[in-house]
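**Q** This is run00.txt, which holds compact mmCIF, C-alpha atoms:
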```txt
# COMPACT_ATOMS: atom_id res chain seq x y z
CA ASN A 1 70.46 115.69 31.23
CA ALA A 2 68.76 115.30 34.58
CA GLY A 3 72.00 116.23 36.37
CA VAL A 4 72.08 114.99 39.97
CA THR A 5 68.88 113.45 41.29
CA GLN A 6 68.02 112.47 44.86
CA THR A 7 65.21 110.45 46.35
CA PRO A 8 63.22 110.80 48.50
CA LYS A 9 62.67 114.56 48.85
CA PHE A 10 61.33 114.25 52.38
CA ARG A 11 61.36 111.50 54.96
CA ILE A 12 60.41 111.10 58.61
CA LEU A 13 62.10 108.28 60.52
CA LYS A 14 61.61 106.96 63.99
CA ILE A 15 64.63 106.57 66.25
CA GLY A 16 66.40 103.30 65.48
CA GLN A 17 65.01 102.90 61.96
CA SER A 18 67.26 102.60 58.93
CA MET A 19 66.99 103.97 55.43
CA THR A 20 68.91 104.55 52.22
CA LEU A 21 69.11 107.93 50.52
CA GLN A 22 69.49 107.52 46.79
CA CYS A 23 71.69 109.67 44.56
CA ALA A 24 72.27 109.35 40.83
CA GLN A 25 74.05 111.47 38.21
CA ASP A 26 74.03 111.25 34.44
CA MET A 27 77.06 113.41 33.70
CA ASN A 28 79.60 110.58 33.85
CA HIS A 29 81.36 112.26 36.76
CA ASN A 30 83.94 110.26 38.65
CA TYR A 31 83.67 112.23 41.89
CA MET A 32 80.60 112.10 44.09
CA TYR A 33 79.97 113.52 47.57
CA TRP A 34 77.46 113.42 50.38
CA TYR A 35 76.97 116.49 52.58
CA ARG A 36 74.65 117.27 55.43
CA GLN A 37 73.41 120.76 56.22
CA ASP A 38 71.85 121.45 59.59
CA PRO A 39 69.40 124.38 59.84
CA GLY A 40 71.18 127.69 59.34
CA MET A 41 74.55 126.00 59.11
CA GLY A 42 77.17 125.15 56.52
CA LEU A 43 77.93 122.01 54.54
CA LYS A 44 79.63 119.11 56.27
CA LEU A 45 81.14 116.31 54.19
CA ILE A 46 79.97 112.84 55.20
CA TYR A 47 81.56 110.57 52.57
CA TYR A 48 82.98 110.91 49.10
CA SER A 49 83.99 108.72 46.20
CA VAL A 50 86.55 109.24 43.45
CA GLY A 51 85.26 106.43 41.27
CA ALA A 52 83.33 103.18 41.23
CA GLY A 53 84.47 100.91 44.03
CA ILE A 54 86.33 103.67 45.91
CA THR A 55 84.91 105.53 48.90
CA ASP A 56 86.42 107.53 51.74
CA LYS A 57 85.30 109.22 54.93
CA GLY A 58 84.70 112.92 55.19
CA GLU A 59 84.31 115.14 58.22
CA VAL A 60 81.25 113.49 59.85
CA PRO A 61 80.99 109.81 58.77
CA ASN A 62 79.74 108.25 62.02
CA GLY A 63 76.30 106.66 61.69
CA TYR A 64 76.47 106.47 57.89
CA ASN A 65 77.69 104.08 55.21
CA VAL A 66 78.11 104.37 51.46
CA SER A 67 78.79 102.21 48.46
CA ARG A 68 79.72 103.00 44.86
CA SER A 69 79.15 100.03 42.61
CA THR A 70 78.56 102.11 39.47
CA THR A 71 79.71 105.49 38.20
CA GLU A 72 76.14 106.79 38.25
CA ASP A 73 74.91 105.85 41.74
CA PHE A 74 76.12 106.74 45.21
CA PRO A 75 73.60 105.70 47.91
CA LEU A 76 73.94 106.78 51.54
CA ARG A 77 72.81 104.35 54.23
CA LEU A 78 71.66 105.47 57.67
CA GLU A 79 71.70 102.74 60.29
CA LEU A 80 69.91 103.16 63.63
CA ALA A 81 68.66 106.69 63.00
CA ALA A 82 69.13 109.24 65.79
CA PRO A 83 67.62 112.73 66.29
CA SER A 84 71.10 114.19 65.67
CA GLN A 85 70.80 113.00 62.07
CA THR A 86 67.90 115.35 61.40
CA SER A 87 69.24 117.46 58.56
CA VAL A 88 69.09 118.20 54.85
CA TYR A 89 71.29 115.84 52.87
CA PHE A 90 72.84 116.93 49.59
CA CYS A 91 74.54 114.72 47.07
CA ALA A 92 76.96 116.31 44.60
CA SER A 93 79.14 115.25 41.69
CA SER A 94 82.06 116.68 39.72
CA TRP A 95 84.67 115.79 37.13
CA ASP A 96 87.32 116.13 39.83
CA TYR A 97 87.96 118.11 43.00
CA LEU A 98 89.29 121.10 41.08
CA ASN A 99 86.06 121.71 39.16
CA GLU A 100 82.47 122.65 39.81
CA GLN A 101 80.40 120.43 42.06
CA PHE A 102 76.82 119.96 40.87
CA PHE A 103 74.39 119.47 43.73
CA GLY A 104 71.19 117.50 43.83
CA PRO A 105 67.95 119.04 45.20
CA GLY A 106 68.46 117.55 48.64
CA THR A 107 66.61 115.18 50.97
CA ARG A 108 65.05 116.65 54.10
CA LEU A 109 65.24 114.03 56.85
CA THR A 110 63.58 114.27 60.26
CA VAL A 111 64.25 111.70 62.97
CA LEU A 112 61.69 111.64 65.78
CA GLY B 113 94.06 119.66 56.84
CA GLU B 114 92.72 122.79 55.21
CA ASN B 115 90.74 125.30 57.29
CA VAL B 116 88.61 128.00 55.66
CA GLU B 117 87.28 130.94 57.66
CA GLN B 118 84.56 133.20 56.24
CA HIS B 119 83.46 136.66 57.34
CA PRO B 120 81.03 138.19 58.00
CA SER B 121 78.41 135.60 58.92
CA THR B 122 75.62 138.05 58.07
CA LEU B 123 75.64 141.11 55.84
CA SER B 124 72.90 143.58 54.99
CA VAL B 125 73.34 146.14 52.23
CA GLN B 126 71.09 148.64 50.52
CA GLU B 127 69.96 147.72 47.04
CA GLY B 128 72.41 149.15 44.54
CA ASP B 129 75.34 149.17 46.96
CA SER B 130 78.27 146.74 46.86
CA ALA B 131 78.82 143.69 49.06
CA VAL B 132 82.14 142.09 49.96
CA ILE B 133 82.63 138.69 51.60
CA LYS B 134 86.08 137.55 52.70
CA CYS B 135 87.63 134.13 53.25
CA THR B 136 90.99 133.04 54.55
CA TYR B 137 92.55 129.62 54.13
CA SER B 138 95.31 127.86 55.99
CA ASP B 139 97.06 125.61 53.47
CA SER B 140 99.36 127.43 51.07
CA ALA B 141 99.07 124.49 48.63
CA SER B 142 95.39 125.26 47.97
CA ASN B 143 94.90 126.26 44.36
CA TYR B 144 91.17 126.22 43.57
CA PHE B 145 88.69 128.62 45.19
CA PRO B 146 85.00 128.42 44.23
CA TRP B 147 82.05 130.44 45.52
CA TYR B 148 78.59 128.91 45.86
CA LYS B 149 75.25 130.66 46.26
CA GLN B 150 72.38 128.99 48.09
CA GLU B 151 68.96 130.57 47.91
CA LEU B 152 66.45 129.74 50.63
CA GLY B 153 65.33 126.12 50.36
CA LYS B 154 67.45 125.49 47.27
CA ARG B 155 70.64 123.63 46.47
CA PRO B 156 74.06 125.36 46.40
CA GLN B 157 75.14 126.49 42.94
CA LEU B 158 78.52 127.67 41.71
CA ILE B 159 78.58 131.36 40.83
CA ILE B 160 82.27 131.95 40.21
CA ASP B 161 85.62 130.30 40.84
CA ILE B 162 89.29 131.25 40.64
CA ARG B 163 92.52 129.30 40.38
CA SER B 164 95.83 130.17 41.96
CA ASN B 165 97.44 131.33 38.74
CA VAL B 166 94.92 134.20 38.48
CA GLY B 167 94.60 137.22 40.79
CA GLU B 168 91.12 138.38 39.79
CA LYS B 169 88.16 137.14 37.81
CA LYS B 170 84.96 138.95 36.85
CA ASP B 171 81.57 137.85 35.60
CA GLN B 172 79.18 140.77 35.11
CA ARG B 173 78.40 142.12 38.62
CA ILE B 174 80.42 139.45 40.43
CA ALA B 175 84.16 139.38 40.92
CA VAL B 176 86.57 137.32 42.98
CA THR B 177 90.06 138.39 44.04
CA LEU B 178 92.82 136.15 45.35
CA ASN B 179 95.85 137.09 47.43
CA LYS B 180 98.01 133.97 47.72
CA THR B 181 100.64 135.68 49.83
CA ALA B 182 98.11 136.60 52.48
CA LYS B 183 96.07 133.43 51.87
CA HIS B 184 92.75 135.14 51.42
CA PHE B 185 90.17 135.59 48.70
CA SER B 186 87.08 137.75 48.44
CA LEU B 187 83.76 137.88 46.63
CA HIS B 188 82.61 141.27 45.38
CA ILE B 189 79.05 141.91 44.23
CA THR B 190 78.35 145.32 42.72
CA GLU B 191 75.00 147.04 42.10
CA THR B 192 73.25 144.56 44.36
CA GLN B 193 69.71 143.49 43.56
CA PRO B 194 67.02 141.74 45.65
CA GLU B 195 67.76 138.43 43.90
CA ASP B 196 71.29 138.54 45.35
CA SER B 197 69.80 137.77 48.78
CA ALA B 198 71.10 134.29 49.66
CA VAL B 199 73.73 132.44 51.63
CA TYR B 200 77.17 132.47 50.03
CA PHE B 201 79.83 129.83 50.70
CA CYS B 202 83.50 130.03 49.85
CA ALA B 203 85.63 126.91 49.51
CA ALA B 204 89.18 125.80 48.86
CA SER B 205 90.77 122.70 47.38
CA GLN B 206 94.20 121.52 46.35
CA VAL B 207 95.94 118.82 44.38
CA GLY B 208 96.17 115.69 46.52
CA ASN B 209 93.21 116.66 48.72
CA GLU B 210 90.26 115.20 46.85
CA LYS B 211 87.54 117.32 48.36
CA LEU B 212 86.48 120.91 48.94
CA THR B 213 86.73 122.56 52.33
CA PHE B 214 83.81 124.96 52.72
CA GLY B 215 83.57 128.13 54.76
CA THR B 216 80.73 128.56 57.24
CA GLY B 217 78.66 130.80 54.97
CA THR B 218 77.50 134.43 54.80
CA ARG B 219 73.83 135.32 54.81
CA LEU B 220 73.48 138.34 52.51
CA THR B 221 70.30 140.40 52.70
CA ILE B 222 69.60 143.14 50.16
CA ILE B 223 67.43 145.89 51.60
CA PRO B 224 65.08 147.42 48.98
```
Starting from the file, lay out its structure as structure tokens.
**A**
Amino acid sequence: NAGVTQTPKFRILKIGQSMTLQCAQDMNHNYMYWYRQDPGMGLKLIYYSVGAGITDKGEVPNGYNVSRSTTEDFPLRLELAAPSQTSVYFCASSWDYLNEQFFGPGTRLTVL
Amino acid sequence: GENVEQHPSTLSVQEGDSAVIKCTYSDSASNYFPWYKQELGKRPQLIIDIRSNVGEKKDQRIAVTLNKTAKHFSLHITETQPEDSAVYFCAASQVGNEKLTFGTGTRLTIIP
């Protein structure tokens, strides 16, 4: 089992560019989450999904979009990147919200 | 919604001493309380969790206690070692709220 995988590991964007952060899990988990973690700070929930075709906003959804067409994949789309989106992005998955969340290795994004 | 407060934000202890991190939550319906450890540059990983039908849970040098009346739970690490240095996050979740609410984190430093 690869667990939760994320690509890319690092990325530098220019202001106004767009990109998609990829996340995949091979544990057949229904629940998937996207968090951002600013330097020295905690985890803020961006979006989450409770199953294929179902997504919902978290604490900080502005500037992001998600889709969940399969159980395995949960990509995060950044449109019109801004310096405030400079952060480390973690994807996570779990059986449900009352069990362990397994995190991916993270994507470090810098917007200049 | 749920609000989780975590204290202290930083904690330094001598190697071999004990460390205690405390969290309070606001919603009395919360019933799942995990603790995550994040080493520098790494992903968060679950170290222990407790459910509302249990008052205490231990796993070797780590223990978690839960006081539902007072709405707080604590992480206890005994006989601390250098590898315990990390950021620790508490979290809370409940039936009907399909996501975890994380605390702001505690940076624990073990002094050799």
**Q** Which one is closest to Gly217 in chain B: B:Phe185, B:Lys154, B:His119, B:Thr190? Count all atoms listed in the file.
**A**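 Checking each of B:Phe185, B:Lys154, B:His119, B:Thr190 against Gly217 in chain B, counting all atoms listed in the file, the winner is B:His119.
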**Q** Looking at all atoms listed in the file, which of A:Cys23, A:Val60, A:Val88, A:Val111 is the one that sits closest to Leu45 in chain A?
**A**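 Smallest distance to Leu45 in chain A is found for A:Val60.
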**Q** Where does chain B meet chain A within 12 Å, residue by residue, with the nearest atom pair and distance in Å to one decimal for each, counting all atoms listed in the file, listed by chain and rising number, as a tab-separated table?
**A**
```
residue	atom	partner	partner_atom	distance
B:Gly113	CA	A:Glu59	CA	10.8
B:Glu114	CA	A:Glu59	CA	11.8
B:Val116	CA	A:Gly42	CA	11.8
B:Glu117	CA	A:Gly42	CA	11.7
B:Gln118	CA	A:Gly42	CA	10.9
B:Ser121	CA	A:Met41	CA	10.3
B:Thr122	CA	A:Gly40	CA	11.3
B:Ser142	CA	A:Leu98	CA	10.1
B:Asn143	CA	A:Leu98	CA	8.3
B:Tyr144	CA	A:Leu98	CA	6.0
B:Phe145	CA	A:Leu98	CA	8.6
B:Pro146	CA	A:Glu100	CA	7.7
B:Trp147	CA	A:Glu100	CA	9.7
B:Tyr148	CA	A:Gln101	CA	9.5
B:Lys149	CA	A:Phe103	CA	11.5
B:Gln150	CA	A:Gly42	CA	10.4
B:Glu151	CA	A:Pro105	CA	11.9
B:Leu152	CA	A:Gly40	CA	10.1
B:Gly153	CA	A:Pro105	CA	9.1
B:Lys154	CA	A:Pro105	CA	6.8
B:Arg155	CA	A:Pro105	CA	5.5
B:Pro156	CA	A:Phe103	CA	6.5
B:Gln157	CA	A:Phe102	CA	7.1
B:Leu158	CA	A:Glu100	CA	6.7
B:Ile159	CA	A:Glu100	CA	9.6
B:Ile160	CA	A:Glu100	CA	9.3
B:Asp161	CA	A:Glu100	CA	8.3
B:Ile162	CA	A:Leu98	CA	10.2
B:Arg163	CA	A:Leu98	CA	8.8
B:Ser164	CA	A:Leu98	CA	11.2
B:Ala198	CA	A:Gly40	CA	11.7
B:Val199	CA	A:Gly40	CA	9.4
B:Tyr200	CA	A:Gly42	CA	9.8
B:Phe201	CA	A:Gly42	CA	7.9
B:Cys202	CA	A:Gly42	CA	10.4
B:Ala203	CA	A:Leu43	CA	10.4
B:Ala204	CA	A:Leu98	CA	9.1
B:Ser205	CA	A:Leu98	CA	6.7
B:Gln206	CA	A:Leu98	CA	7.2
B:Val207	CA	A:Leu98	CA	7.8
B:Gly208	CA	A:Tyr97	CA	9.3
B:Asn209	CA	A:Tyr97	CA	7.9
B:Glu210	CA	A:Tyr97	CA	5.3
B:Lys211	CA	A:Tyr97	CA	5.4
B:Leu212	CA	A:Tyr97	CA	6.7
B:Thr213	CA	A:Leu45	CA	8.6
B:Phe214	CA	A:Leu43	CA	6.8
B:Gly215	CA	A:Gly42	CA	7.3
B:Thr216	CA	A:Gly42	CA	5.0
B:Gly217	CA	A:Gly42	CA	6.0
B:Thr218	CA	A:Gly42	CA	9.4
B:Arg219	CA	A:Gly40	CA	9.3
```
**Q** Once you count only C-alpha atoms, which residues end up no further than 9 Å from (80.4, 105.2, 31.5) in the file's frame, shown as a ChimeraX atom specification?
**A** /A:28-29,70-72
**Q** Could you state the separation of CA of Ile133 in chain B and CA of Lys183 in chain B in Å, given to one decimal place?
**A**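 Going from CA of Ile133 in chain B over to CA of Lys183 in chain B, I get 14.4 Å.
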**Q** Figure out the distance between CA of Thr110 in chain A and CA of Ser84 in chain A, please, to one decimal in Å.
**A**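 Computing the Euclidean distance for CA of Ser84 in chain A and CA of Thr110 in chain A yields 9.3 Å.
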**Q** Could you jot down the CA of Leu220 in chain B to CA of Glu127 in chain B separation for me, Å, one decimal place?
**A**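 Computing it gives 11.4 Å between the two atoms.
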**Q** Could you write out as AutoDock Vina command-line options the box around range 32-35 of chain A (axis-aligned, all atoms listed in the file, 5 Å on each side), with centre and edge lengths in Å to one decimal?
**A**
```
--center_x 78.8 --center_y 114.3 --center_z 48.3 --size_x 13.6 --size_y 14.4 --size_z 18.5
```
**Q** Please provide the set of residues having any atom within 6 Å of range 8-15 of chain A, restricted to all atoms listed in the file, with same-chain residues fewer than 3 positions apart removed, written as a list in words.
**A**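 The residues that qualify are Ala81, Ala82, Thr107, Arg108, Leu109, Thr110, Val111 and Leu112 of chain A.
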**Q** Looking at A:Leu21, A:Met27, A:Val4, A:Ala52, which one is nearest to Glu79 in chain A, with distances taken over only C-alpha atoms?
**A**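 Using only C-alpha atoms, the shortest distance to Glu79 in chain A belongs to A:Leu21.
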